[in-house]
Amino acid sequence: MNLIDAHQHYWRVDRGDYAWLHDAPAALQRDFLPADLQAQRSAAKVTGSVLVQAAASEAETRYLFELARADRNILGVVGWVDFEAPGAPSRIDALLHDGAGLLLGLRPMAQDHPDPDWLSRPALDAAFGRLQELGLAFDALVKPAQLPALQKRLQRERELRGVLDHAGKPDIARGRFDDWAAHIRELAALPNVHCKFSGLLTELAPGMPIDALDPYVDHLFACFGADRLIWGSDWPVLTLRDSYAHWLELARTLAQQRAPHALDAIFGRNALAFYRPQRAHASTASTGATP
């Protein structure tokens, strides 16, 4: 199996554009760089990863390009652009040019907007239109209250490849399920929408048993099926709850229980098919797998 981590981050605090880190747990307020993950990634036999933005700046996206150029195991970057900026389409074009094949998609960090309907605003139409024209992916970082706006957006952008980060961050800690589940069902009815099998552990309350995840995982598999679920570590945010190796082991167990014949897809092929990285041949050459 070509094991692909479809969602990981690196950051260097002294760059100064990670505003959210000021209110983050102290354990995350330090540098997390390739050398910090290399041994864990190698031990897990991860053959490629998708590097996802963690700062609302184009400068950080270009920094991630630099890291990717130095590490062939990074298949590409999901970057950031201000979707409301008047020149958003040209900014996307510039990032695409500067990435020289490394830009796989964009993530506008919608979860940080106080307006739950932000994603459906007409002011974002030009940026989404350009994203769709260029064949780039859209990572949707949202909370449950923003799922209706996300659905409106994706219903309008029928050709856009969208992926729901961390299953839409269900409020597992407080056991809230029904509203989230209804929105997930509606999103999954859109054929171009995928979902990342990631970020669930950090939604558990302290001391909460792992089996509290079961109804949420059951619902994801029932709605998206194994062909539209994509595994990711969400490292280093993951470290607040668990180790890289143990989350991978747990995710495999959960997937094995629900789709035992689809592990290669969930943990590799789906990521390659969704993001379409130009570097895919590097991670598949050893086994001859098809992206």
# chains A, B, ... in the order shown; residues from 1 in each chain; ligands from 1

$ select_by_dssp --residues "segment 17-212 of chain A" --states "alpha helix (DSSP H)" --output "PyMOL selection string"
chain A and resi 34-43+58-70+88-99+125-134+147-156+178-188

$ residues_around --residues "Pro215 of chain A" --least-positions-apart "2" --cutoff "12 Å" --atoms "only C-alpha atoms" --output "number ranges by chain"
A: 170, 172, 175-178, 180-181, 200, 210-213, 217-222, 254, 258

$ write_last_selection --atoms "C-alpha atoms" --output "tab-separated table (two decimals), in the first residue's frame"
chain	number	residue	atom	x	y	z
A	170	PRO	CA	-18.47	17.48	15.06
A	172	ILE	CA	-18.20	14.98	20.01
A	175	GLY	CA	-22.37	14.42	22.26
A	176	ARG	CA	-24.04	16.57	19.62
A	177	PHE	CA	-24.86	14.37	16.67
A	178	ASP	CA	-28.23	14.85	14.95
A	180	TRP	CA	-24.23	17.47	12.23
A	181	ALA	CA	-25.34	14.11	10.86
A	200	LEU	CA	-11.61	13.35	15.32
A	210	ILE	CA	-12.40	6.21	22.16
A	211	ASP	CA	-15.64	4.39	21.42
A	212	ALA	CA	-17.42	7.75	21.63
A	213	LEU	CA	-16.19	8.15	18.05
A	217	VAL	CA	-17.35	7.21	12.14
A	218	ASP	CA	-20.29	4.95	11.28
A	219	HIS	CA	-22.11	7.93	9.79
A	220	LEU	CA	-19.12	9.05	7.72
A	221	PHE	CA	-18.74	5.61	6.20
A	222	ALA	CA	-22.48	5.32	5.59
A	254	LEU	CA	-11.90	1.77	12.57
A	258	ARG	CA	-16.33	-0.84	8.33

$ closest_residue --among "A:His166, A:Trp235, A:Leu33, A:Tyr18" --to "Asp71 of chain A" --atoms "only C-alpha atoms"
A:Leu33

$ residues_around --residues "Leu64 of chain A" --least-positions-apart "5" --cutoff "10 Å" --atoms "only C-alpha atoms" --output "PyMOL selection string"
chain A and resi 9-11+51-54+58-59+69-70+74+76-79+99+102-103

$ write_last_selection --atoms "C-alpha atoms" --output "PDB file, in the first residue's frame"
ATOM      1  CA  HIS A   9       1.110  20.915   9.013  1.00  0.00           C
ATOM      2  CA  TYR A  10       4.482  22.499   9.660  1.00  0.00           C
ATOM      3  CA  TRP A  11       5.001  25.910  11.209  1.00  0.00           C
ATOM      4  CA  LEU A  51       1.041  19.895   3.499  1.00  0.00           C
ATOM      5  CA  VAL A  52      -1.845  22.147   4.561  1.00  0.00           C
ATOM      6  CA  GLN A  53      -1.622  25.852   5.387  1.00  0.00           C
ATOM      7  CA  ALA A  54      -1.798  26.983   9.006  1.00  0.00           C
ATOM      8  CA  GLU A  58       0.151  33.975   1.037  1.00  0.00           C
ATOM      9  CA  ALA A  59       3.659  34.295   2.471  1.00  0.00           C
ATOM     10  CA  ARG A  69      11.036  21.602  -2.561  1.00  0.00           C
ATOM     11  CA  ALA A  70      13.404  20.334   0.133  1.00  0.00           C
ATOM     12  CA  ILE A  74       5.638  16.217   0.367  1.00  0.00           C
ATOM     13  CA  GLY A  76       2.100  19.280  -2.604  1.00  0.00           C
ATOM     14  CA  VAL A  77       0.583  22.152  -0.685  1.00  0.00           C
ATOM     15  CA  VAL A  78      -2.927  23.309   0.153  1.00  0.00           C
ATOM     16  CA  GLY A  79      -2.417  27.050   0.481  1.00  0.00           C
ATOM     17  CA  GLY A  99       4.324  26.752  -6.717  1.00  0.00           C
ATOM     18  CA  LEU A 102       3.166  22.155  -5.898  1.00  0.00           C
ATOM     19  CA  LEU A 103      -0.108  24.019  -5.323  1.00  0.00           C
TER      20      LEU A 103
END

$ select_by_dssp --residues "segment 20-137 of chain A" --states "strand (DSSP E)" --output "ChimeraX atom specification"
/A:46-52,74-79,103-106,137

$ closest_atom_pairs --of "segment 36-113 of chain A" --to "segment 136-155 of chain A" --cutoff "8 Å" --atoms "only C-alpha atoms" --output "Markdown table"
| residue | atom | partner | partner_atom | distance |
| --- | --- | --- | --- | --- |
| A:Val78 | CA | A:Asp139 | CA | 7.6 |
| A:Leu103 | CA | A:Leu136 | CA | 7.9 |
| A:Leu104 | CA | A:Leu136 | CA | 5.8 |
| A:Gly105 | CA | A:Ala137 | CA | 4.2 |
| A:Leu106 | CA | A:Phe138 | CA | 5.3 |
| A:Arg107 | CA | A:Asp139 | CA | 4.8 |
| A:Pro108 | CA | A:Leu141 | CA | 7.5 |
| A:Met109 | CA | A:Leu141 | CA | 5.4 |
| A:Ala110 | CA | A:Val142 | CA | 5.7 |
| A:Gln111 | CA | A:Val142 | CA | 4.4 |

$ atom_distance --atom1 "atom CA of Asp112 of chain A" --atom2 "atom CA of Ala55 of chain A"
11.3 Å

$ residues_around --residues "Ala85 of chain A" --least-positions-apart "2" --cutoff "10 Å" --atoms "only C-alpha atoms" --output "list in words"
Val81, Asp82, Phe83, Gly87, Ala88, Pro89, Ser90, Arg91, Ala123, Leu124, Ala126 and Ala127 of chain A

$ closest_residue --among "A:Ala262, A:Leu201, A:Leu190, A:Ala100" --to "Gly225 of chain A" --atoms "only C-alpha atoms"
A:Ala262

$ atom_distance --atom1 "atom CA of Ile4 of chain A" --atom2 "atom CA of Glu186 of chain A"
27.3 Å

$ residues_around --residues "Phe267 of chain A" --least-positions-apart "6" --cutoff "9 Å" --atoms "only C-alpha atoms" --output "list in words"
Met1, Asn2, Leu3, Ile4, Asp5, Ala6, Leu229, Ile230, Trp231, Gly232 and Arg252 of chain A

$ residues_around --residues "Phe32 of chain A" --least-positions-apart "4" --cutoff "12 Å" --atoms "only C-alpha atoms" --output "JSON, numbers by chain"
{"A": [8, 9, 10, 11, 12, 13, 14, 27, 28, 36, 37, 38, 54, 235, 236, 237, 239]}

$ write_last_selection --atoms "N, CA and C atoms" --output "PDB file, in the first residue's frame"
ATOM      1  N   GLN A   8      -1.356  17.293   6.957  1.00  0.00           N
ATOM      2  CA  GLN A   8      -0.392  17.586   8.017  1.00  0.00           C
ATOM      3  C   GLN A   8       0.086  19.024   7.877  1.00  0.00           C
ATOM      4  N   HIS A   9       0.656  19.524   8.962  1.00  0.00           N
ATOM      5  CA  HIS A   9       1.110  20.915   9.013  1.00  0.00           C
ATOM      6  C   HIS A   9       2.562  20.984   9.463  1.00  0.00           C
ATOM      7  N   TYR A  10       3.220  22.058   9.059  1.00  0.00           N
ATOM      8  CA  TYR A  10       4.482  22.499   9.660  1.00  0.00           C
ATOM      9  C   TYR A  10       4.323  23.988   9.938  1.00  0.00           C
ATOM     10  N   TRP A  11       4.945  24.468  11.007  1.00  0.00           N
ATOM     11  CA  TRP A  11       5.001  25.910  11.209  1.00  0.00           C
ATOM     12  C   TRP A  11       6.253  26.304  11.983  1.00  0.00           C
ATOM     13  N   ARG A  12       6.673  27.537  11.754  1.00  0.00           N
ATOM     14  CA  ARG A  12       7.823  28.117  12.441  1.00  0.00           C
ATOM     15  C   ARG A  12       7.347  29.407  13.087  1.00  0.00           C
ATOM     16  N   VAL A  13       7.285  29.399  14.390  1.00  0.00           N
ATOM     17  CA  VAL A  13       6.616  30.460  15.145  1.00  0.00           C
ATOM     18  C   VAL A  13       7.165  31.843  14.833  1.00  0.00           C
ATOM     19  N   ASP A  14       8.475  31.965  14.663  1.00  0.00           N
ATOM     20  CA  ASP A  14       9.045  33.303  14.481  1.00  0.00           C
ATOM     21  C   ASP A  14       8.677  33.946  13.144  1.00  0.00           C
ATOM     22  N   ALA A  27       1.299  23.608  24.301  1.00  0.00           N
ATOM     23  CA  ALA A  27       2.061  22.543  23.651  1.00  0.00           C
ATOM     24  C   ALA A  27       2.223  22.772  22.152  1.00  0.00           C
ATOM     25  N   LEU A  28       1.363  23.593  21.562  1.00  0.00           N
ATOM     26  CA  LEU A  28       1.458  23.870  20.130  1.00  0.00           C
ATOM     27  C   LEU A  28       2.223  25.147  19.820  1.00  0.00           C
ATOM     28  N   ASP A  36      11.094  17.162  12.880  1.00  0.00           N
ATOM     29  CA  ASP A  36      10.340  16.684  14.038  1.00  0.00           C
ATOM     30  C   ASP A  36       9.426  15.516  13.697  1.00  0.00           C
ATOM     31  N   LEU A  37       9.097  15.357  12.428  1.00  0.00           N
ATOM     32  CA  LEU A  37       8.164  14.308  12.019  1.00  0.00           C
ATOM     33  C   LEU A  37       8.828  13.197  11.226  1.00  0.00           C
ATOM     34  N   GLN A  38      10.014  13.438  10.739  1.00  0.00           N
ATOM     35  CA  GLN A  38      10.632  12.517   9.787  1.00  0.00           C
ATOM     36  C   GLN A  38      10.700  11.085  10.301  1.00  0.00           C
ATOM     37  N   ALA A  54      -1.411  26.755   7.612  1.00  0.00           N
ATOM     38  CA  ALA A  54      -1.798  26.983   9.006  1.00  0.00           C
ATOM     39  C   ALA A  54      -1.828  28.465   9.338  1.00  0.00           C
ATOM     40  N   TRP A 235      -1.321  16.162  12.073  1.00  0.00           N
ATOM     41  CA  TRP A 235      -0.145  16.447  12.893  1.00  0.00           C
ATOM     42  C   TRP A 235       0.320  17.872  12.600  1.00  0.00           C
ATOM     43  N   PRO A 236       0.725  18.663  13.604  1.00  0.00           N
ATOM     44  CA  PRO A 236       0.941  18.320  15.002  1.00  0.00           C
ATOM     45  C   PRO A 236      -0.233  18.586  15.935  1.00  0.00           C
ATOM     46  N   VAL A 237      -1.375  19.087  15.428  1.00  0.00           N
ATOM     47  CA  VAL A 237      -2.524  19.272  16.312  1.00  0.00           C
ATOM     48  C   VAL A 237      -2.872  17.947  16.981  1.00  0.00           C
ATOM     49  N   THR A 239      -1.002  15.880  18.286  1.00  0.00           N
ATOM     50  CA  THR A 239      -0.189  15.609  19.482  1.00  0.00           C
ATOM     51  C   THR A 239      -0.860  16.050  20.775  1.00  0.00           C
TER      52      THR A 239
END

$ closest_residue --among "A:His7, A:Arg158, A:Arg72, A:His113" --to "Leu187 of chain A" --atoms "only C-alpha atoms"
A:Arg158

$ decode --residues "segment 224-258 of chain A" --atoms "C-alpha atoms" --output "PDB file, in the first residue's frame"
ATOM      1  CA  PHE A 224     -19.391   9.045   1.959  1.00  0.00           C
ATOM      2  CA  GLY A 225     -18.461   5.414   1.521  1.00  0.00           C
ATOM      3  CA  ALA A 226     -14.898   4.220   1.433  1.00  0.00           C
ATOM      4  CA  ASP A 227     -14.275   5.789  -1.982  1.00  0.00           C
ATOM      5  CA  ARG A 228     -14.626   9.384  -0.709  1.00  0.00           C
ATOM      6  CA  LEU A 229     -12.934   9.169   2.690  1.00  0.00           C
ATOM      7  CA  ILE A 230      -9.317  10.317   2.878  1.00  0.00           C
ATOM      8  CA  TRP A 231      -7.076   9.620   5.873  1.00  0.00           C
ATOM      9  CA  GLY A 232      -4.974  12.395   7.409  1.00  0.00           C
ATOM     10  CA  SER A 233      -2.999  12.762  10.614  1.00  0.00           C
ATOM     11  CA  ASP A 234      -3.630  16.448  11.376  1.00  0.00           C
ATOM     12  CA  TRP A 235      -0.145  16.447  12.893  1.00  0.00           C
ATOM     13  CA  PRO A 236       0.941  18.320  15.002  1.00  0.00           C
ATOM     14  CA  VAL A 237      -2.524  19.272  16.312  1.00  0.00           C
ATOM     15  CA  LEU A 238      -2.894  15.524  16.795  1.00  0.00           C
ATOM     16  CA  THR A 239      -0.189  15.609  19.482  1.00  0.00           C
ATOM     17  CA  LEU A 240      -2.646  17.239  21.880  1.00  0.00           C
ATOM     18  CA  ARG A 241      -4.368  13.871  22.111  1.00  0.00           C
ATOM     19  CA  ASP A 242      -2.245  11.067  20.681  1.00  0.00           C
ATOM     20  CA  SER A 243       0.848   9.986  18.803  1.00  0.00           C
ATOM     21  CA  TYR A 244       1.175   9.769  15.042  1.00  0.00           C
ATOM     22  CA  ALA A 245       1.606   5.989  15.130  1.00  0.00           C
ATOM     23  CA  HIS A 246      -1.329   5.326  17.438  1.00  0.00           C
ATOM     24  CA  TRP A 247      -3.807   7.475  15.494  1.00  0.00           C
ATOM     25  CA  LEU A 248      -2.777   5.675  12.300  1.00  0.00           C
ATOM     26  CA  GLU A 249      -3.270   2.310  14.017  1.00  0.00           C
ATOM     27  CA  LEU A 250      -6.641   3.370  15.433  1.00  0.00           C
ATOM     28  CA  ALA A 251      -7.823   4.793  12.106  1.00  0.00           C
ATOM     29  CA  ARG A 252      -6.889   1.542  10.375  1.00  0.00           C
ATOM     30  CA  THR A 253      -8.829  -0.443  12.960  1.00  0.00           C
ATOM     31  CA  LEU A 254     -11.895   1.771  12.566  1.00  0.00           C
ATOM     32  CA  ALA A 255     -11.705   1.486   8.784  1.00  0.00           C
ATOM     33  CA  GLN A 256     -11.072  -2.260   8.884  1.00  0.00           C
ATOM     34  CA  GLN A 257     -14.253  -2.732  10.896  1.00  0.00           C
ATOM     35  CA  ARG A 258     -16.335  -0.841   8.334  1.00  0.00           C
TER      36      ARG A 258
END
